[in-house]
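Asks: Encoded as structure tokens, here's the structure I'll be asking about.
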Amino acid sequence: MSEFWLISAPGDKENLQALERMNNVTSKSNLSHNTKFAIPDFKVGTLDSLVGLSDELGKLDTFAESLIKRMAQSVVEVMEDSKGKVHENLLANGVDLTSFVTHFEWDMAKYPAKQPLMNVVDTLAKQLAQIETDLKSRTAAYSVLKTNLENLEKKSTGNLFTRTLSDIVSKEDFVLDSEYLTTLLVIVPKSSYAQWQKTYESLSDMVVPRSTKLIAEDNEAGLFTVTLFRKVTEDFKVKAKENKFIVREFYYDENEIKREREEMTRLLSDKKQQYQTSCVALKKGSTTYRDHKVKGPLLRWLKVNFSEAFIAWIHIKALRVFVESVLRYGLPVNFQAVLLQPQKKSATKRLREVLNSVFRHLDEVAAASLLDASVEIPGLQLSNQDYFPYVYFQIDLSLLD
């Protein structure tokens, strides 16, 4: 399972023995894999300040989790052509997330434990806020690019009534630079091809004989050219419409067509080369293979800053355990934190029962209500989700799948 439970119990002899019992029972029953979770000693300050920090850390925890989920989703969106490679870019310090959590070590250089706790929390909050600001601006730019490209792609994939004609027509299809003649483009239903060929010359005066040519088709219709004198253009349009032939308004401008084609090429290039994983052919001896590791700036930024945000999130979890343990167990600071990884979803209820039983002495009243949900205790509103006799926080990596 990609879910972890981060708990703590007092560090006195009785509770260390309780932790040992927990390890023995969970190991023998294959309920969870347990490891010690090292948290440094911080400058505690006053209990009042810890109460305020507890509330602030709760909000920061929620914000950090939401941020890394959004960043993971952004990686998925950017790697739309290489979805199987997504998890290669969701790492923390270059290792997979599970390994980072199970081998967590406090980063003293980035978050010095000798500083007041409020300073450490403030550093984490500012770091995450900056990452979120950058994420918004970078993903907004990507969204604009993607939208512009999708709009152009829609123009080139619609039917003959709506799609762009720049990739269909050529200069040779038109009579250009003539004072008297012009070429129109007419959409003719496939069922009416024969009728068009028989009647187009007589729809109006001054239509050039044998001037029609089929230049494109879709599932329902064909696009024909027809050349005529400019002065009968409007009359021809009216007569064509009466016969269910639709003149498509189009003016051949070589510069505009070139600009549109270049815009499509540029947007495709920007999306592929600047924002997505590039797949390059590499040679190793006589063997050629494809490498997906060449990344555009957005993907590189997401990879680096996802790692930073995730690392910050786990540090916030460690701080929450520290603060709640001091508030719960009192001073001087003396507790042991343990990381549990439930082995399977079906065993979590049993694992919770074992923990509540082993640590029920920490809060007899609350533990009794947890072990026997049918017992109602006046004045207390407790549920398995709200309270445990030990400090407990969850780290759910499945949210990133």
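Naming works like this for the structure tokens: A, B, ... for the chains as they're shown, residue 1 at the start of each chain, ligands 1 onward in shown order.
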I'd like the neighbourhood of A:Arg138 as an mmCIF file with N, CA, C and O atoms, in the first residue's frame, where a residue qualifies if any of its atoms comes within 10 Å (using only C-alpha atoms), though same-chain residues fewer than 3 positions away should be ignored.

Replies:
data_model
loop_
_atom_site.group_PDB
_atom_site.id
_atom_site.type_symbol
_atom_site.label_atom_id
_atom_site.label_comp_id
_atom_site.auth_asym_id
_atom_site.auth_seq_id
_atom_site.Cartn_x
_atom_site.Cartn_y
_atom_site.Cartn_z
ATOM 1 N N GLU A 132 3.824 27.614 -5.392
ATOM 2 C CA GLU A 132 2.463 27.713 -5.924
ATOM 3 C C GLU A 132 2.336 28.887 -6.889
ATOM 4 O O GLU A 132 1.712 28.770 -7.952
ATOM 5 N N THR A 133 2.953 30.018 -6.556
ATOM 6 C CA THR A 133 2.908 31.189 -7.436
ATOM 7 C C THR A 133 3.531 30.868 -8.791
ATOM 8 O O THR A 133 2.974 31.184 -9.849
ATOM 9 N N ASP A 134 4.710 30.241 -8.751
ATOM 10 C CA ASP A 134 5.388 29.868 -9.997
ATOM 11 C C ASP A 134 4.570 28.835 -10.784
ATOM 12 O O ASP A 134 4.508 28.890 -12.016
ATOM 13 N N LEU A 135 3.961 27.895 -10.062
ATOM 14 C CA LEU A 135 3.151 26.862 -10.723
ATOM 15 C C LEU A 135 1.995 27.501 -11.488
ATOM 16 O O LEU A 135 1.724 27.139 -12.639
ATOM 17 N N ALA A 141 0.647 29.690 -18.703
ATOM 18 C CA ALA A 141 1.287 29.852 -20.012
ATOM 19 C C ALA A 141 1.117 28.601 -20.860
ATOM 20 O O ALA A 141 0.869 28.666 -22.071
ATOM 21 N N TYR A 142 1.234 27.440 -20.209
ATOM 22 C CA TYR A 142 1.065 26.176 -20.927
ATOM 23 C C TYR A 142 -0.373 26.025 -21.413
ATOM 24 O O TYR A 142 -0.624 25.564 -22.526
ATOM 25 N N SER A 143 -1.329 26.427 -20.574
ATOM 26 C CA SER A 143 -2.743 26.315 -20.954
ATOM 27 C C SER A 143 -3.062 27.196 -22.155
ATOM 28 O O SER A 143 -3.821 26.796 -23.040
ATOM 29 N N PRO A 297 11.561 22.838 -20.410
ATOM 30 C CA PRO A 297 11.688 23.605 -19.169
ATOM 31 C C PRO A 297 10.522 23.438 -18.201
ATOM 32 O O PRO A 297 10.743 23.424 -16.991
ATOM 33 N N LEU A 298 9.289 23.331 -18.690
ATOM 34 C CA LEU A 298 8.172 23.164 -17.753
ATOM 35 C C LEU A 298 8.271 21.833 -17.034
ATOM 36 O O LEU A 298 8.093 21.757 -15.809
ATOM 37 N N TRP A 301 11.045 21.982 -14.531
ATOM 38 C CA TRP A 301 10.642 22.760 -13.355
ATOM 39 C C TRP A 301 9.702 21.952 -12.461
ATOM 40 O O TRP A 301 9.851 21.958 -11.235
ATOM 41 N N LEU A 302 8.740 21.279 -13.065
ATOM 42 C CA LEU A 302 7.798 20.473 -12.282
ATOM 43 C C LEU A 302 8.520 19.373 -11.509
ATOM 44 O O LEU A 302 8.217 19.121 -10.344
#

Asks: With a distance cut-off of 7 Å and only C-alpha atoms, select the neighbouring residues of stretch 306-321 of chain A, excluding the residue or stretch itself and same-chain residues fewer than 4 positions from it, and output the selection as a list of chain:residue names.

Replies: A:Ile39, A:Ser54, A:Leu57, A:Asp61, A:Ala64, A:Glu65, A:Ile68, A:Met71, A:Leu90, A:Leu91, A:Ala92, A:Asn93, A:Leu124, A:Leu128, A:Leu302, A:Ser325, A:Val391

Asks: Closest to A:Ser27 among A:Leu362, A:Leu117, A:Ile131, A:Leu351, using only C-alpha atoms?

Replies: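 Between A:Leu362, A:Leu117, A:Ile131, A:Leu351, the residue approaching A:Ser27 most closely is A:Leu351.
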
Asks: Measuring atom to atom with only C-alpha atoms, identify which of A:Leu60, A:Asn23, A:Leu331, A:Glu256 is nearest to A:Lys126.

Replies: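 Between A:Leu60, A:Asn23, A:Leu331, A:Glu256, the residue approaching A:Lys126 most closely is A:Leu60.
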